[in-house]
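One file, coords20.tsv, carrying TSV, C-alpha atoms:
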chain	number	residue	atom	x	y	z
A	1	MET	CA	28.53	-2.39	2.95
A	2	SER	CA	27.88	-1.30	-0.58
A	3	PHE	CA	25.21	1.29	0.16
A	4	ARG	CA	27.59	4.21	0.24
A	5	SER	CA	28.80	3.59	-3.28
A	6	ILE	CA	25.20	3.33	-4.48
A	7	ALA	CA	24.64	6.91	-3.35
A	8	GLU	CA	27.79	7.93	-5.23
A	9	ILE	CA	26.68	6.13	-8.40
A	10	ALA	CA	23.14	7.54	-8.34
A	11	GLY	CA	24.51	10.99	-7.47
A	12	SER	CA	26.92	10.96	-10.39
A	13	ALA	CA	24.07	10.01	-12.71
A	14	MET	CA	21.94	12.86	-11.37
A	15	THR	CA	24.79	15.30	-11.98
A	16	ALA	CA	25.25	14.00	-15.51
A	17	GLN	CA	21.55	14.25	-16.26
A	18	SER	CA	21.40	17.81	-14.96
A	19	VAL	CA	24.30	18.75	-17.24
A	20	ARG	CA	22.25	17.24	-20.06
A	21	LEU	CA	19.19	19.26	-19.01
A	22	ASN	CA	21.40	22.34	-18.87
A	23	THR	CA	22.55	21.95	-22.46
A	24	ILE	CA	18.95	21.29	-23.55
A	25	ALA	CA	17.78	24.48	-21.83
A	26	SER	CA	20.58	26.40	-23.52
A	27	ASN	CA	19.74	24.89	-26.92
A	28	LEU	CA	16.04	25.65	-26.62
A	29	ALA	CA	16.65	29.17	-25.34
A	30	ASN	CA	18.92	29.91	-28.30
A	31	ALA	CA	16.82	28.15	-30.93
A	32	GLY	CA	15.91	31.50	-32.48
A	33	THR	CA	19.17	33.36	-31.92
A	34	VAL	CA	20.29	34.49	-35.37
A	35	ALA	CA	23.74	35.68	-36.42
A	36	ASP	CA	25.25	37.34	-39.48
A	37	SER	CA	27.83	34.65	-40.27
A	38	GLU	CA	28.06	30.90	-40.19
A	39	ALA	CA	30.95	31.01	-37.75
A	40	ALA	CA	29.20	33.21	-35.21
A	41	VAL	CA	25.88	31.38	-35.05
A	42	TYR	CA	24.97	29.29	-32.00
A	43	ARG	CA	25.36	25.53	-32.44
A	44	ALA	CA	23.44	22.88	-30.50
A	45	ARG	CA	25.44	21.47	-27.59
A	46	LYS	CA	25.39	17.85	-26.46
A	47	PRO	CA	27.07	16.24	-23.43
A	48	VAL	CA	29.08	13.02	-23.87
A	49	PHE	CA	28.70	10.50	-21.05
A	50	ALA	CA	31.17	7.81	-20.06
A	51	ALA	CA	31.10	5.11	-17.39
A	52	ILE	CA	33.86	5.09	-14.78
A	53	ALA	CA	34.49	1.54	-13.62
A	54	GLU	CA	35.48	1.26	-9.96
A	55	ARG	CA	39.02	0.12	-9.52
A	56	SER	CA	39.08	-1.74	-6.23
A	57	SER	CA	38.88	-5.49	-6.66
A	58	ASP	CA	35.88	-6.10	-4.41
A	59	HIS	CA	33.76	-3.55	-6.26
A	60	SER	CA	34.08	-4.96	-9.72
A	61	ALA	CA	30.64	-4.16	-11.08
A	62	GLY	CA	29.88	-0.59	-10.02
A	63	ALA	CA	30.17	2.18	-12.55
A	64	ALA	CA	29.44	5.85	-11.96
A	65	VAL	CA	28.76	8.28	-14.79
A	66	ARG	CA	31.08	11.07	-15.83
A	67	VAL	CA	30.49	13.88	-18.29
A	68	LEU	CA	33.50	13.60	-20.61
A	69	ASP	CA	32.84	16.70	-22.63
A	70	VAL	CA	30.15	18.92	-24.09
A	71	VAL	CA	30.43	18.87	-27.87
A	72	GLN	CA	28.81	21.10	-30.47
A	73	SER	CA	26.60	19.63	-33.14
A	74	THR	CA	28.13	19.49	-36.63
A	75	GLU	CA	24.81	19.55	-38.44
A	76	PRO	CA	24.51	22.33	-41.04
A	77	VAL	CA	22.99	25.62	-39.85
A	78	ARG	CA	19.97	27.06	-41.58
A	79	LYS	CA	20.39	30.09	-43.86
A	80	ALA	CA	17.49	32.49	-44.40
A	81	TYR	CA	17.07	35.54	-46.56
A	82	GLU	CA	15.79	38.27	-44.25
A	83	PRO	CA	16.96	41.66	-45.48
A	84	ASP	CA	14.80	43.46	-42.87
A	85	ASN	CA	16.58	41.77	-40.00
A	86	PRO	CA	19.03	44.20	-38.34
A	87	LEU	CA	21.46	41.27	-37.91
A	88	ALA	CA	21.47	40.37	-41.62
A	89	ASN	CA	24.79	40.58	-43.46
A	90	ASP	CA	25.43	42.58	-46.64
A	91	GLU	CA	23.56	40.07	-48.83
A	92	GLY	CA	20.56	40.16	-46.48
A	93	ILE	CA	21.19	36.67	-45.14
A	94	VAL	CA	20.91	35.57	-41.49
A	95	PHE	CA	21.99	32.23	-40.03
A	96	TYR	CA	19.77	30.23	-37.70
A	97	PRO	CA	21.19	27.73	-35.16
A	98	ASN	CA	21.09	24.01	-35.98
A	99	VAL	CA	18.83	23.36	-32.97
A	100	ASN	CA	15.96	20.96	-33.55
A	101	PRO	CA	13.37	21.98	-30.94
A	102	VAL	CA	11.33	18.77	-31.22
A	103	ALA	CA	14.41	16.59	-30.74
A	104	GLU	CA	15.42	18.77	-27.79
A	105	MET	CA	11.99	18.41	-26.18
A	106	THR	CA	12.08	14.62	-26.42
A	107	ASP	CA	15.65	14.61	-25.13
A	108	MET	CA	14.48	16.76	-22.22
A	109	MET	CA	11.78	14.24	-21.33
A	110	ALA	CA	14.30	11.38	-21.50
A	111	ALA	CA	16.75	13.31	-19.30
A	112	SER	CA	14.17	14.18	-16.66
A	113	ARG	CA	12.91	10.57	-16.56
A	114	ALA	CA	16.47	9.34	-16.12
A	115	PHE	CA	16.95	11.87	-13.32
A	116	GLU	CA	13.75	10.70	-11.60
A	117	THR	CA	14.87	7.08	-11.89
A	118	ASN	CA	18.00	7.88	-9.95
A	119	VAL	CA	16.09	9.84	-7.33
A	120	GLU	CA	13.89	6.77	-6.91
A	121	VAL	CA	16.97	4.54	-6.57
A	122	MET	CA	18.31	6.82	-3.83
A	123	SER	CA	15.06	6.88	-1.86
A	124	ARG	CA	14.65	3.12	-2.18
A	125	VAL	CA	18.21	2.51	-0.99
A	126	LYS	CA	17.64	4.91	1.88
A	127	SER	CA	14.65	2.94	3.09
A	128	MET	CA	16.61	-0.32	2.73
A	129	GLN	CA	19.42	1.14	4.80
A	130	GLN	CA	17.05	2.38	7.50
A	131	ALA	CA	15.37	-1.03	7.65
A	132	LEU	CA	18.81	-2.57	8.12
A	133	LEU	CA	19.54	-0.17	10.98
A	134	ARG	CA	16.42	-1.35	12.78
A	135	LEU	CA	17.63	-4.97	12.55
A	136	GLY	CA	16.70	-6.89	15.69
A	137	GLN	CA	14.53	-4.14	17.12
A	138	GLU	CA	11.19	-5.27	15.81
B	1	MET	CA	25.75	-25.80	24.42
B	2	ALA	CA	26.80	-22.67	22.55
B	3	ILE	CA	24.73	-20.64	20.15
B	4	HIS	CA	26.50	-19.80	16.89
B	5	PHE	CA	24.89	-16.74	15.38
B	6	ASP	CA	26.17	-17.60	11.91
B	7	LYS	CA	24.47	-20.97	12.07
B	8	ALA	CA	21.36	-19.64	13.76
B	9	LEU	CA	20.72	-17.06	11.07
B	10	GLY	CA	21.22	-19.59	8.31
B	11	LEU	CA	21.47	-18.45	4.72
B	12	HIS	CA	19.45	-15.28	5.29
B	13	ALA	CA	22.42	-13.20	6.42
B	14	GLU	CA	24.36	-14.28	3.33
B	15	ALA	CA	21.32	-13.60	1.12
B	16	LEU	CA	20.95	-10.13	2.61
B	17	LYS	CA	24.55	-9.31	1.77
B	18	LEU	CA	24.16	-10.51	-1.80
B	19	ARG	CA	20.95	-8.51	-2.18
B	20	ALA	CA	22.78	-5.36	-1.11
B	21	GLU	CA	25.57	-6.15	-3.56
B	22	ARG	CA	23.06	-6.70	-6.36
B	23	THR	CA	21.35	-3.38	-5.54
B	24	ARG	CA	24.64	-1.65	-6.28
B	25	VAL	CA	25.07	-3.41	-9.61
B	26	LEU	CA	21.50	-2.57	-10.66
B	27	ALA	CA	21.88	1.04	-9.48
B	28	ALA	CA	24.98	1.31	-11.70
B	29	ASN	CA	22.95	0.01	-14.66
B	30	LEU	CA	20.22	2.58	-14.02
B	31	ALA	CA	22.80	5.35	-13.64
B	32	ASN	CA	24.38	4.49	-16.99
B	33	GLU	CA	21.10	4.34	-18.84
B	34	SER	CA	22.27	6.93	-21.38
B	35	THR	CA	26.01	6.21	-21.48
B	36	PRO	CA	27.03	5.04	-24.97
B	37	GLY	CA	28.73	1.66	-25.00
B	38	TYR	CA	27.87	0.78	-21.41
B	39	GLN	CA	27.22	-2.93	-20.85
B	40	ALA	CA	24.56	-3.73	-18.26
B	41	ARG	CA	25.63	-6.21	-15.60
B	42	ASP	CA	23.91	-8.41	-13.08
B	43	ILE	CA	24.71	-10.96	-10.41
B	44	ASP	CA	23.54	-14.56	-10.75
B	45	PHE	CA	21.95	-14.61	-7.30
B	46	GLN	CA	21.38	-18.34	-7.00
B	47	ALA	CA	24.89	-19.33	-8.09
B	48	SER	CA	26.48	-16.66	-5.88
B	49	LEU	CA	24.48	-17.73	-2.84
B	50	GLN	CA	25.37	-21.36	-3.48
B	51	ARG	CA	29.05	-20.47	-3.68
B	52	ALA	CA	28.88	-18.31	-0.56
B	53	LEU	CA	27.31	-21.13	1.43
B	54	GLN	CA	29.90	-23.61	0.16
B	55	ASP	CA	32.69	-21.22	1.13
B	56	ASP	CA	31.18	-20.88	4.58
B	57	ALA	CA	30.93	-24.64	4.91
B	58	ILE	CA	34.65	-25.12	4.27
B	59	GLY	CA	35.51	-22.18	6.50
B	60	LEU	CA	36.49	-19.53	3.95
B	61	HIS	CA	35.89	-16.03	5.20
B	62	SER	CA	33.10	-14.54	3.15
B	63	SER	CA	34.34	-10.94	3.03
B	64	THR	CA	37.38	-11.93	0.97
B	65	ARG	CA	35.26	-12.88	-2.01
B	66	SER	CA	32.74	-10.83	-3.92
B	67	ALA	CA	29.90	-11.92	-6.15
B	68	GLU	CA	30.77	-12.31	-9.79
B	69	ALA	CA	28.95	-9.90	-12.07
B	70	LEU	CA	27.90	-11.18	-15.47
B	71	TYR	CA	26.84	-9.19	-18.54
B	72	ARG	CA	23.20	-8.93	-19.46
B	73	VAL	CA	22.01	-9.99	-22.92
B	74	PRO	CA	19.70	-7.24	-24.23
B	75	ASN	CA	16.34	-7.99	-25.81
B	76	HIS	CA	16.81	-5.16	-28.28
B	77	PRO	CA	20.43	-4.16	-28.92
B	78	ALA	CA	20.83	-0.39	-29.27
B	79	GLN	CA	22.82	1.41	-31.94
B	80	ASP	CA	25.18	3.06	-29.44
B	81	GLY	CA	26.22	-0.22	-27.82
B	82	ASN	CA	24.37	0.49	-24.58
B	83	THR	CA	22.66	-2.66	-23.27
B	84	VAL	CA	20.63	-1.06	-20.45
B	85	GLU	CA	16.90	-1.55	-20.90
B	86	LEU	CA	15.19	0.81	-18.52
B	87	GLY	CA	12.04	-1.24	-17.94
B	88	VAL	CA	13.96	-4.45	-17.30
B	89	GLU	CA	16.38	-2.77	-14.90
B	90	GLN	CA	13.62	-0.95	-13.01
B	91	ALA	CA	11.68	-4.19	-12.60
B	92	GLU	CA	14.79	-6.04	-11.41
B	93	PHE	CA	15.69	-3.23	-9.03
B	94	SER	CA	12.27	-3.11	-7.40
B	95	GLN	CA	12.08	-6.91	-7.18
B	96	ASN	CA	15.53	-6.95	-5.61
B	97	ALA	CA	14.53	-4.28	-3.08
B	98	SER	CA	11.49	-6.34	-2.08
B	99	ASP	CA	13.62	-9.47	-1.78
B	100	PHE	CA	16.03	-7.53	0.41
B	101	GLN	CA	13.11	-6.61	2.66
B	102	THR	CA	12.06	-10.26	2.74
B	103	SER	CA	15.53	-11.47	3.74
B	104	LEU	CA	15.62	-8.75	6.39
B	105	THR	CA	12.30	-9.91	7.77
B	106	PHE	CA	13.60	-13.48	7.97
B	107	VAL	CA	16.72	-12.37	9.84
B	108	ASN	CA	14.52	-10.37	12.20
B	109	MET	CA	12.31	-13.40	12.82
B	110	LYS	CA	15.36	-15.56	13.57
B	111	LEU	CA	16.66	-12.95	16.01
B	112	ARG	CA	13.28	-12.73	17.72
B	113	GLY	CA	13.27	-16.50	18.04
B	114	LEU	CA	16.73	-16.45	19.63
B	115	LYS	CA	15.66	-13.70	22.02
B	116	GLN	CA	12.66	-15.68	23.05
B	117	ALA	CA	14.83	-18.74	23.61
B	118	ILE	CA	17.25	-16.73	25.76
B	119	GLU	CA	14.60	-15.00	27.84
B	120	GLY	CA	12.35	-18.01	28.11

Show the structure stored in the file as structure tokens.
Amino acid sequence: MSFRSIAEIAGSAMTAQSVRLNTIASNLANAGTVADSEAAVYRARKPVFAAIAERSSDHSAGAAVRVLDVVQSTEPVRKAYEPDNPLANDEGIVFYPNVNPVAEMTDMMAASRAFETNVEVMSRVKSMQQALLRLGQE
Amino acid sequence: MAIHFDKALGLHAEALKLRAERTRVLAANLANESTPGYQARDIDFQASLQRALQDDAIGLHSSTRSAEALYRVPNHPAQDGNTVELGVEQAEFSQNASDFQTSLTFVNMKLRGLKQAIEG
């Protein structure tokens, strides 16, 4: 029966979405973390998802999710002139991370909805499976 | 006179199996909602059921063959090549789960009928 692989698929998606939520939390937490050089400043992180197609011939259409990598955003970081800041460099400049808090918030909502969808899939499949186990009893 | 369970249950057993198969395909679509380049798939239920019944009629064993999954045509193609549309997939998934329940109810009714016939 194909129910077992459904749990695997939905589980892999939940793992992937929680990695995504993790990076979002990290990005939002570090949105105001300044640094004294462009190299040292925090850069927004983003996970890259990929589908793993099942290999066996009778399961041709199932595809779990895998987190390939977590990449750093290449968008330019923001420079600010803040000579009072203890982290400022010799010219009085600090570097702010390239985190866009609004984009992160919307991404967070998308990620948590996707997570909930998979939880719903799991609970629905569970009730289908239990109904199947009661076959012939009612 | 012998009772053949396969014949007694009719197409509902086959339908139940296909519904379970389709649940897996739709669950995979929902799981890959945010995977770039993922192509949503689905099973043509009617065609698959037809083929399964034909195979049964000529005596092919049904576990050797699996339903063919086709690719879904998106209403709004996305930039990243992902063709999963959350609303569509959720609707299909919940409809499929209800249809599974329906097939299950039919199988249960058939079994109850058989039981009644046996017990008298």

For chain B against chain A, which residues fall within 7 Å using only C-alpha atoms, given as a list in words?
Ala20, Glu21, Arg24, Val25, Ala27, Ala28, Ala31, Asn32, Thr35, Pro36, Tyr38, Ser66, Ala69, Asn108 and Leu111 of chain B

Looking at B:Ala117, B:Ala15, B:Ser103, B:Ala8, which one is nearest to Leu49 in chain B, with distances taken over all atoms listed in the file?
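For Leu49 in chain B, the nearest of the given residues is B:Ala15.
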
Provide the CA of Pro47 in chain A to CA of Ser123 in chain A distance in Å, to one decimal place.
26.4 Å

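Pairwise distance (CA of Arg22 in chain B, CA of Gln46 in chain B) equals 11.8 Å.
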
Grab the CA of Leu114 in chain B to CA of Gln50 in chain B distance for me, in Å with one decimal place.
25.2 Å

Report the centre and edge lengths, in Å to one decimal, of an axis-aligned box enclosing every atom of range 9-26 of chain B listed in the file, padded by 6 Å on each side, as lines of an AutoDock Vina configuration file.
center_x = 22.5
center_y = -10.6
center_z = 0.2
size_x = 18.1
size_y = 29.9
size_z = 33.7

Expected answer as a ChimeraX atom specification: all residues with atoms within 9 Å of (17.8, -15.0, 13.6), all atoms listed in the file:
/A:136 /B:5-6,8-10,12-13,106-115

Lys79 in chain A: which residues within 8 Å, counting only C-alpha atoms, same-chain residues fewer than 2 positions away excluded, as a PyMOL selection string?
chain A and resi 77+81+93-96

Can you tell me which residues surround Val88 in chain B at a distance of at most 10 Å, considering all atoms listed in the file, apart from same-chain residues fewer than 6 positions away, and format the answer as a ChimeraX atom specification?
/B:30,74-75

Contact residues around Val71 in chain A with only C-alpha atoms at 10 Å, ignoring same-chain residues under 3 positions, as an NGL selection string:
:A and (43-48 or 68 or 74)

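Closest to Ala103 in chain A among A:Asn22, A:Thr15, A:Asn85, A:Asn27 is A:Asn27, based on all atoms listed in the file.
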
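Residues within 12 Å of Val73 in chain B, counting all atoms listed in the file and excluding same-chain residues fewer than 5 positions away, are Gln39, Ala40, Arg41, Asp42, Ala78, Gly81, Asn82, Thr83, Val84, Glu85 and Val88 of chain B.
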